[in-house]
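Each remark here refers to the structure printed beneath this line.
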Amino acid sequence: MSARPLVSVQDLDGKSKDQMALPAVFTKTPLRPDVVRVVHTNMRKNHMQAHAVSENAGVQTAAASWGTGRAVSRIPRVPGGGTHRCGQGAYGNMCRGGHMFSPMKTWRRWHRKVNLKEKRLAVASALAASAVPALVMARGHVVDEVAEIPLVVSDAAETITKTSKAVDLLKSLGVYADVAKSAKSKNLRRGKGKMRNRRYVCRKGPLVIVTSNDQGFAKSVRNLTGVDTANVERLNLLDLAPGGHLGRLCIWTKGAMAKLDELYAEGTGKFVLPENVMSNADLSRLINSDEVQSVVNAPKSAAKRATLKRNPLKNFTAMKKLNPYAKTAKALASKARGKTKEQALAKKRTKDIGKKFFAQISADSDYQGEDFEVFNNWLGN
Amino acid sequence: MASSELIWQCIKGGNSFMRKGINNTYFSAEAGNLAGKHSYKHSGIANKKSVGLTEEGGNILLTKGKVKKSGRSKTVFKKDARRVMKGVSKEVTGYRSDLSDIATRRVAALAKSVRVAKASK
């Protein structure tokens with residue numbers, strides 16, 4: 001048993017005064033979102049109640065087909081006379097007032113059996129995920145103010161019996177933000193569930209996990225919106241990974257945390273912790289490790305792309321690349337032509353005059369400028 | 001415990017910060033995500049080293065490091081936009097060089113918003 005990481009135990013006032021070793025479940029169990037999803041989907045079906053359409057829906061008529069030769073379709077028709085109903089089609093799923101296609105039966109297979117080992121693996125994986133802050137955040141819990149994940153409270157919390165005291169504790173732990181988020185999210189359910197005793201929906205808040213020695217903490221906290229409670233010895237995947245998503249925010253009492261060591265014992269025991277396929281899943285560390293780097297080929301130089309060919313006769317930089325003497329040749333040639341600084345300046349001045357004149361005539365042509373105004377006045381405008 | 005690749009595999013299918021854009025693009029509303037894109041490189045949750053840039057009271061706030069907002073190391077940049085961009089670029093290149101371009105762009109956008117806000121006051 002290698003050195004276990006330590007997790008700090010928060011006191012009732014939110015300060016961490018104690019520490020304990022983190023149970024193996026949190027560090028050793030592989031994170032298996034695929035297993036959790038499948039197990040969750042199937043476990044969720046287990047609290048379904050059988051329902052069905054009424055057996056005699058759509059068949060409470062004495063309808064019989066008229067057969068062929070009567071210029072009507074062969075669907076069974078209601079016999080008799082004296083009312084609109086007579087002669088109307090009946091029984092078929094396409095008929096008005098007929099039975100539905102494949103009427104639901106109560107003996108549909110509602111519940112699913114999941115292998116015990118799979119269920120245990122899922123729970124262990126969900127526990128491991130609840131100890132990864134990134135996953136808890138990604139699931140949507142507000143954990144910015146929480147001191148440490150996993151969050152462990154001292155056993156003194158199990159003596160809390162008043163909800164107000166529990167709220168104070170949650171506030172000092174920094175978890176109340178998540179509870180508040182849940183409370184704020186309470187809304188009417190859409191659809192018929194409203195009138196079927198499922199009136200409100202809200203987000204999930206933290207899961208409080210206590211031991212069997214709890215003297216009222218779970219009860220004090222259960223009325224808060226979004227807060228669920230659980231006993232360590234009976235951890236439910238539906239609570240640990242709501243929606244099949246890993247990373248529920250869990251609040252453990254110290255005793256509950258310690259009990260996990262017994263329940264999910266490493267090595268021998270009732271349930272043996274599954275092994276990770278990769279003991280080190282950190283890809284970047286693996287790639288950069290000595291063992292890999294020593295055997296790996298040298299990095300290939302990037303593919304040389306075709307460059308645009310520049311004409312040296314027009315582009316001087318291209319010319320210089322081919323013929324380094326071209327620079328000095330050019331300087332000599334211009335000297336020979338006698339292009340001095342004064343000449344260059346004179347040339348610039350003539351250019352400036354030309355520009356000014358051009359601006360002038362274009363202004364004139366646009367009927368703007370001083371001269372035009374004079375002209376305008378002369379015209380008598 | 002959980003490497004960044006492993007965490008990304010868990011959350012890439014869906015997490016509470018994912019936002020959908022048009023044309024099958026996905027954005028991310030995480031604090032430590034510089035480009036707001038839903039991808040491993042940009043993720044502020046999956047990566048151990050992530051960079052966040054926000055505007056706080058007219059100053060640019062650069063946060064580096066841990067996943068939880070409270071655990072991140074902060075640096076505040078108060079000077080003008082050009083100096084801030086240089087400073088941020090320097091810090092990010094030393095920390096996560098693959099994000100330095102994006103960081104600079106984000107700082108430019110933040111600084112502009114600060115300028116606009118000040119001008120409209």
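For the structure tokens, the naming scheme is as follows: chains receive sequential letters (A, B, ...) according to their order of presentation, residues are indexed from 1 within each chain, and ligands are indexed from 1 in presentation order.
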Any chance you could tabulate, as a tab-separated table, the residues of chain B at most 10 Å from chain A with each one's nearest atom pair and distance in Å to one decimal, using only C-alpha atoms, in chain and rising number order?
residue	atom	partner	partner_atom	distance
B:Met1	CA	A:Thr27	CA	5.8
B:Ala2	CA	A:Val132	CA	7.3
B:Ser3	CA	A:Asp282	CA	4.8
B:Ser4	CA	A:Asp282	CA	6.9
B:Glu5	CA	A:Asp282	CA	6.7
B:Leu6	CA	A:Ala281	CA	6.9
B:Ile7	CA	A:Leu135	CA	7.0
B:Trp8	CA	A:Leu135	CA	9.3
B:Gln9	CA	A:Pro33	CA	8.9
B:Cys10	CA	A:Pro33	CA	6.3
B:Ile11	CA	A:Ala138	CA	6.8
B:Lys12	CA	A:Ala138	CA	9.8
B:Gly14	CA	A:Ala138	CA	8.5
B:Asn15	CA	A:Ala138	CA	5.1
B:Ser16	CA	A:Gly140	CA	5.0
B:Phe17	CA	A:Ala138	CA	6.8
B:Met18	CA	A:Ala138	CA	9.1
B:Glu30	CA	A:Ala138	CA	8.9
B:Gly44	CA	A:Ala134	CA	9.0
B:Ile45	CA	A:Ala134	CA	5.4
B:Ala46	CA	A:Ala134	CA	6.5
B:Asn47	CA	A:Ala134	CA	9.0
B:Lys48	CA	A:Ala134	CA	9.5
B:Lys66	CA	A:Ala134	CA	9.3
B:Val67	CA	A:Ala134	CA	6.2
B:Lys68	CA	A:Asp144	CA	5.3
B:Lys69	CA	A:Asp144	CA	5.6
B:Ser70	CA	A:Asp144	CA	5.7
B:Gly71	CA	A:Asp144	CA	8.2
Show which residues sit within 10 Å of Val84 of chain B, as a ChimeraX atom specification. Count only C-alpha atoms, and ignore same-chain residues fewer than 3 positions away. /B:59-60,76-81,87-90,104,107-108,111
Find the residues around Arg106 of chain B up to 9 Å (only C-alpha atoms counted), leave out those fewer than 5 positions away in its own chain, and share them as a CSV table (one decimal) with N, CA, C and O atoms, in the first residue's frame.
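Everything below was put into result07.csv:
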chain,number,residue,atom,x,y,z
B,34,LEU,N,-9.8,30.6,-23.0
B,34,LEU,CA,-9.5,31.9,-23.6
B,34,LEU,C,-10.3,32.1,-24.9
B,34,LEU,O,-10.7,33.3,-25.2
B,35,ALA,N,-10.5,31.1,-25.7
B,35,ALA,CA,-11.2,31.4,-27.0
B,35,ALA,C,-12.7,31.0,-26.9
B,35,ALA,O,-13.4,31.2,-27.8
B,53,LEU,N,-8.6,35.1,-19.1
B,53,LEU,CA,-8.4,36.6,-19.2
B,53,LEU,C,-9.8,37.2,-19.1
B,53,LEU,O,-10.7,36.9,-19.9
B,54,THR,N,-10.0,38.1,-18.1
B,54,THR,CA,-11.2,38.8,-18.0
B,54,THR,C,-10.9,40.3,-17.7
B,54,THR,O,-9.8,40.6,-17.4
B,101,ASP,N,-1.1,33.3,-28.9
B,101,ASP,CA,-1.8,34.1,-29.9
B,101,ASP,C,-3.2,34.4,-29.5
B,101,ASP,O,-3.7,35.6,-29.6
B,111,ALA,N,-9.4,45.0,-24.0
B,111,ALA,CA,-8.9,46.4,-23.9
B,111,ALA,C,-9.8,47.3,-24.7
B,111,ALA,O,-10.1,48.5,-24.2
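Of the residues listed (A:Leu22, A:Ser172, A:Leu379, A:Gly58), A:Leu22 shows the shortest atom-to-atom separation from Ala256 of chain A; distances use only C-alpha atoms.
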Which residues come within 12 Å of Lys165 of chain A, counting only C-alpha atoms, excluding same-chain residues fewer than 5 positions away, as a compact mmCIF listing (two decimals) with all heavy atoms, in the first residue's frame?
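The resulting file, out-v3.txt, is reproduced below:
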# COMPACT_ATOMS: atom_id res chain seq x y z
N LEU A 12 -16.66 22.33 11.93
CA LEU A 12 -17.99 22.91 11.76
C LEU A 12 -17.97 24.37 11.36
O LEU A 12 -18.90 24.88 10.77
CB LEU A 12 -18.81 22.74 13.05
CG LEU A 12 -19.25 21.31 13.35
CD1 LEU A 12 -20.29 21.31 14.45
CD2 LEU A 12 -19.82 20.64 12.12
N ASP A 13 -16.87 25.06 11.71
CA ASP A 13 -16.80 26.47 11.32
C ASP A 13 -16.09 26.66 10.00
O ASP A 13 -15.76 27.76 9.61
CB ASP A 13 -16.13 27.29 12.42
CG ASP A 13 -14.85 26.64 12.90
OD1 ASP A 13 -14.43 25.64 12.27
OD2 ASP A 13 -14.27 27.11 13.88
N ALA A 157 -20.50 17.02 12.80
CA ALA A 157 -21.64 17.42 11.96
C ALA A 157 -22.81 16.47 12.12
O ALA A 157 -23.97 16.86 11.94
CB ALA A 157 -21.20 17.47 10.51
N GLU A 158 -22.51 15.23 12.47
CA GLU A 158 -23.61 14.26 12.56
C GLU A 158 -24.54 14.54 13.73
O GLU A 158 -25.61 13.95 13.83
CB GLU A 158 -23.02 12.84 12.66
CG GLU A 158 -22.42 12.38 11.35
CD GLU A 158 -22.17 10.89 11.31
OE1 GLU A 158 -22.07 10.26 12.37
OE2 GLU A 158 -22.11 10.34 10.20
N THR A 159 -24.15 15.48 14.62
CA THR A 159 -25.02 15.79 15.74
C THR A 159 -25.95 16.96 15.44
O THR A 159 -26.80 17.30 16.23
CB THR A 159 -24.20 16.16 16.99
OG1 THR A 159 -23.33 17.24 16.63
CG2 THR A 159 -23.37 14.97 17.44
N ILE A 160 -25.76 17.56 14.27
CA ILE A 160 -26.62 18.70 13.92
C ILE A 160 -28.04 18.21 13.67
O ILE A 160 -28.26 17.24 12.94
CB ILE A 160 -26.09 19.40 12.65
CG1 ILE A 160 -24.74 20.04 12.95
CG2 ILE A 160 -27.07 20.45 12.16
CD1 ILE A 160 -24.12 20.71 11.75
N LEU A 170 -23.15 24.56 5.92
CA LEU A 170 -22.94 24.53 4.47
C LEU A 170 -22.36 25.84 3.97
O LEU A 170 -21.54 25.87 3.06
CB LEU A 170 -24.25 24.23 3.75
CG LEU A 170 -24.86 22.85 3.98
CD1 LEU A 170 -26.11 22.70 3.18
CD2 LEU A 170 -23.88 21.75 3.63
N LYS A 171 -22.80 26.92 4.59
CA LYS A 171 -22.27 28.23 4.19
C LYS A 171 -20.79 28.34 4.53
O LYS A 171 -19.98 28.81 3.72
CB LYS A 171 -23.03 29.36 4.89
CG LYS A 171 -24.34 29.66 4.22
CD LYS A 171 -25.04 30.86 4.82
CE LYS A 171 -26.35 31.13 4.08
NZ LYS A 171 -27.27 31.95 4.83
N SER A 172 -20.43 27.87 5.72
CA SER A 172 -19.02 27.96 6.09
C SER A 172 -18.16 27.03 5.25
O SER A 172 -16.97 27.29 5.05
CB SER A 172 -18.84 27.67 7.57
OG SER A 172 -19.26 26.36 7.86
N GLY A 216 -28.93 12.84 13.12
CA GLY A 216 -29.88 13.85 12.67
C GLY A 216 -29.37 14.77 11.59
O GLY A 216 -30.12 15.62 11.11
N PHE A 217 -28.13 14.62 11.15
CA PHE A 217 -27.60 15.52 10.12
C PHE A 217 -28.36 15.35 8.82
O PHE A 217 -28.77 16.31 8.17
CB PHE A 217 -26.10 15.24 9.93
CG PHE A 217 -25.43 16.21 9.00
CD1 PHE A 217 -25.79 17.55 8.97
CD2 PHE A 217 -24.44 15.78 8.14
CE1 PHE A 217 -25.18 18.44 8.12
CE2 PHE A 217 -23.82 16.67 7.28
CZ PHE A 217 -24.19 17.99 7.27
N LYS A 219 -31.31 14.27 8.32
CA LYS A 219 -32.66 14.80 8.43
C LYS A 219 -32.67 16.31 8.40
O LYS A 219 -33.54 16.93 7.80
CB LYS A 219 -33.32 14.32 9.74
CG LYS A 219 -33.98 13.00 9.63
CD LYS A 219 -34.92 12.77 10.80
CE LYS A 219 -35.47 11.35 10.77
NZ LYS A 219 -36.13 11.00 12.03
N SER A 220 -31.66 16.90 9.03
CA SER A 220 -31.65 18.36 9.09
C SER A 220 -31.43 18.97 7.72
O SER A 220 -31.82 20.09 7.46
CB SER A 220 -30.54 18.83 10.04
OG SER A 220 -29.28 18.62 9.44
N VAL A 221 -30.83 18.21 6.86
CA VAL A 221 -30.39 18.77 5.59
C VAL A 221 -31.32 18.40 4.44
O VAL A 221 -31.29 18.98 3.37
CB VAL A 221 -28.93 18.30 5.37
CG1 VAL A 221 -28.79 17.39 4.20
CG2 VAL A 221 -27.98 19.47 5.31
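Within the 10 Å cut-off around segment 79-83 of chain A, using only C-alpha atoms and omitting residues fewer than 5 positions from it on the same chain, the listed residues are A:Thr61, A:Ala62, A:Ala63, A:Ala64, A:Ser65, A:Trp66, A:Gln88, A:Gly89.
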For the residues selected in the previous step, produce a file with all heavy atoms as a JSON list (two decimals), in the first residue's frame.
[["chain", "number", "residue", "atom", "x", "y", "z"],
["A", 61, "THR", "N", -67.25, -2.24, -28.99],
["A", 61, "THR", "CA", -68.32, -2.15, -29.98],
["A", 61, "THR", "C", -68.54, -3.56, -30.52],
["A", 61, "THR", "O", -67.69, -4.44, -30.37],
["A", 61, "THR", "CB", -67.93, -1.25, -31.17],
["A", 61, "THR", "OG1", -66.64, -1.66, -31.63],
["A", 61, "THR", "CG2", -67.92, 0.19, -30.79],
["A", 62, "ALA", "N", -69.63, -3.73, -31.23],
["A", 62, "ALA", "CA", -69.91, -5.02, -31.85],
["A", 62, "ALA", "C", -69.61, -4.96, -33.33],
["A", 62, "ALA", "O", -70.25, -5.61, -34.14],
["A", 62, "ALA", "CB", -71.36, -5.38, -31.63],
["A", 63, "ALA", "N", -68.64, -4.14, -33.66],
["A", 63, "ALA", "CA", -68.38, -3.86, -35.07],
["A", 63, "ALA", "C", -67.97, -5.11, -35.83],
["A", 63, "ALA", "O", -67.27, -5.99, -35.32],
["A", 63, "ALA", "CB", -67.28, -2.81, -35.16],
["A", 64, "ALA", "N", -68.38, -5.18, -37.08],
["A", 64, "ALA", "CA", -68.00, -6.27, -37.97],
["A", 64, "ALA", "C", -67.80, -5.70, -39.35],
["A", 64, "ALA", "O", -68.45, -4.72, -39.73],
["A", 64, "ALA", "CB", -69.07, -7.35, -37.97],
["A", 65, "SER", "N", -66.93, -6.33, -40.11],
["A", 65, "SER", "CA", -66.67, -5.83, -41.47],
["A", 65, "SER", "C", -67.87, -6.11, -42.35],
["A", 65, "SER", "O", -68.51, -7.15, -42.25],
["A", 65, "SER", "CB", -65.42, -6.50, -42.02],
["A", 65, "SER", "OG", -65.27, -6.15, -43.38],
["A", 66, "TRP", "N", -68.19, -5.18, -43.26],
["A", 66, "TRP", "CA", -69.27, -5.42, -44.21],
["A", 66, "TRP", "C", -68.82, -6.27, -45.39],
["A", 66, "TRP", "O", -69.61, -6.59, -46.28],
["A", 66, "TRP", "CB", -69.79, -4.09, -44.76],
["A", 66, "TRP", "CG", -70.58, -3.32, -43.75],
["A", 66, "TRP", "CD1", -70.95, -3.70, -42.50],
["A", 66, "TRP", "CD2", -71.09, -2.01, -43.93],
["A", 66, "TRP", "NE1", -71.65, -2.71, -41.90],
["A", 66, "TRP", "CE2", -71.76, -1.65, -42.73],
["A", 66, "TRP", "CE3", -71.06, -1.08, -45.00],
["A", 66, "TRP", "CZ2", -72.39, -0.42, -42.57],
["A", 66, "TRP", "CZ3", -71.69, 0.15, -44.82],
["A", 66, "TRP", "CH2", -72.35, 0.47, -43.61],
["A", 88, "GLN", "N", -69.75, 3.69, -38.85],
["A", 88, "GLN", "CA", -68.39, 4.24, -38.75],
["A", 88, "GLN", "C", -67.41, 3.11, -38.53],
["A", 88, "GLN", "O", -67.73, 2.07, -37.95],
["A", 88, "GLN", "CB", -68.30, 5.21, -37.57],
["A", 88, "GLN", "CG", -68.92, 6.55, -37.87],
["A", 88, "GLN", "CD", -68.76, 7.49, -36.69],
["A", 88, "GLN", "OE1", -68.38, 7.06, -35.61],
["A", 88, "GLN", "NE2", -69.04, 8.76, -36.92],
["A", 89, "GLY", "N", -66.20, 3.33, -39.00],
["A", 89, "GLY", "CA", -65.17, 2.33, -38.80],
["A", 89, "GLY", "C", -64.81, 2.20, -37.33],
["A", 89, "GLY", "O", -64.92, 3.15, -36.56]]
I'd like the neighbourhood of His51 of chain A as a PDB file with C-alpha atoms, in the first residue's frame, where a residue qualifies if any of its atoms comes within 8 Å (using only C-alpha atoms), though same-chain residues fewer than 2 positions away should be ignored.
ATOM      1  CA  GLN A  49     -44.442   1.377 -12.379  1.00  0.00           C
ATOM      2  CA  VAL A  53     -53.799   1.548 -21.879  1.00  0.00           C
ATOM      3  CA  MET A 104     -49.518  -1.187 -24.179  1.00  0.00           C
ATOM      4  CA  LYS A 105     -49.565  -4.152 -21.864  1.00  0.00           C
ATOM      5  CA  THR A 106     -48.705  -4.233 -18.224  1.00  0.00           C
TER       6      THR A 106
END
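Note that DSSP on the backbone gives strand (DSSP E) to these residues of chain B: Met18, Arg19, Lys20, Tyr26, Phe27, Ser28, Ser50, Val51, Gly52, Leu53, Thr54, Glu55, Glu56, Asn59, Ile60, Leu61, Leu62, Thr63, Lys64, Gly65, Ser73, Lys74, Thr75, Val76 and Phe77 of chain B.
Distances to Phe27 of chain B were evaluated for B:Ser120, B:Tyr40, B:Ser50, B:Thr75 using only C-alpha atoms, and the minimum falls at B:Tyr40.
Counting only C-alpha atoms and comparing A:Asn187, A:Ser154, A:Gly205, A:Arg222, the residue that lies closest to Lys17 of chain A is A:Ser154.
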Which of chain B fall in alpha helix (DSSP H), as a ChimeraX atom specification: /B:4-11,81-95,100-120
Using only C-alpha atoms, the residue out of A:Ala156, A:Ala331, A:Val201, A:Val59 with shortest distance to Gln10 of chain A is A:Ala156
From atom CA of Gly32 of chain B to atom CA of Lys64 of chain B the spacing works out at 7.9 Å
Quick one: distance from atom CA of Gly244 of chain A to atom CA of Val39 of chain A in Å, one decimal? 8.2 Å
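Picture a line from atom CA of Ala329 of chain A to atom CA of Thr307 of chain A; it runs 27.0 Å.
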Determine the nearest neighbour of Ala50 of chain A from the options A:Lys330, A:Arg109, A:Lys335, A:Lys117, counting only C-alpha atoms. A:Arg109
Find the spatial neighbours of Asp18 of chain A, counting only C-alpha atoms, within a cut-off of 10 Å - ignore same-chain residues fewer than 5 positions away - and output them as a ChimeraX atom specification. /A:6-11,152-154,254
Write out the residues from the selection above, keeping C-alpha atoms, as a CSV table (one decimal), in the first residue's frame.
chain,number,residue,atom,x,y,z
A,6,LEU,CA,-4.4,13.1,2.5
A,7,VAL,CA,-7.6,14.9,2.5
A,8,SER,CA,-8.3,17.7,5.0
A,9,VAL,CA,-11.3,17.3,7.3
A,10,GLN,CA,-13.3,20.5,7.7
A,11,ASP,CA,-14.5,21.6,11.1
A,152,VAL,CA,-15.1,15.9,4.4
A,153,VAL,CA,-16.7,17.3,7.5
A,154,SER,CA,-15.8,16.2,11.0
A,254,LYS,CA,-15.4,11.7,8.5
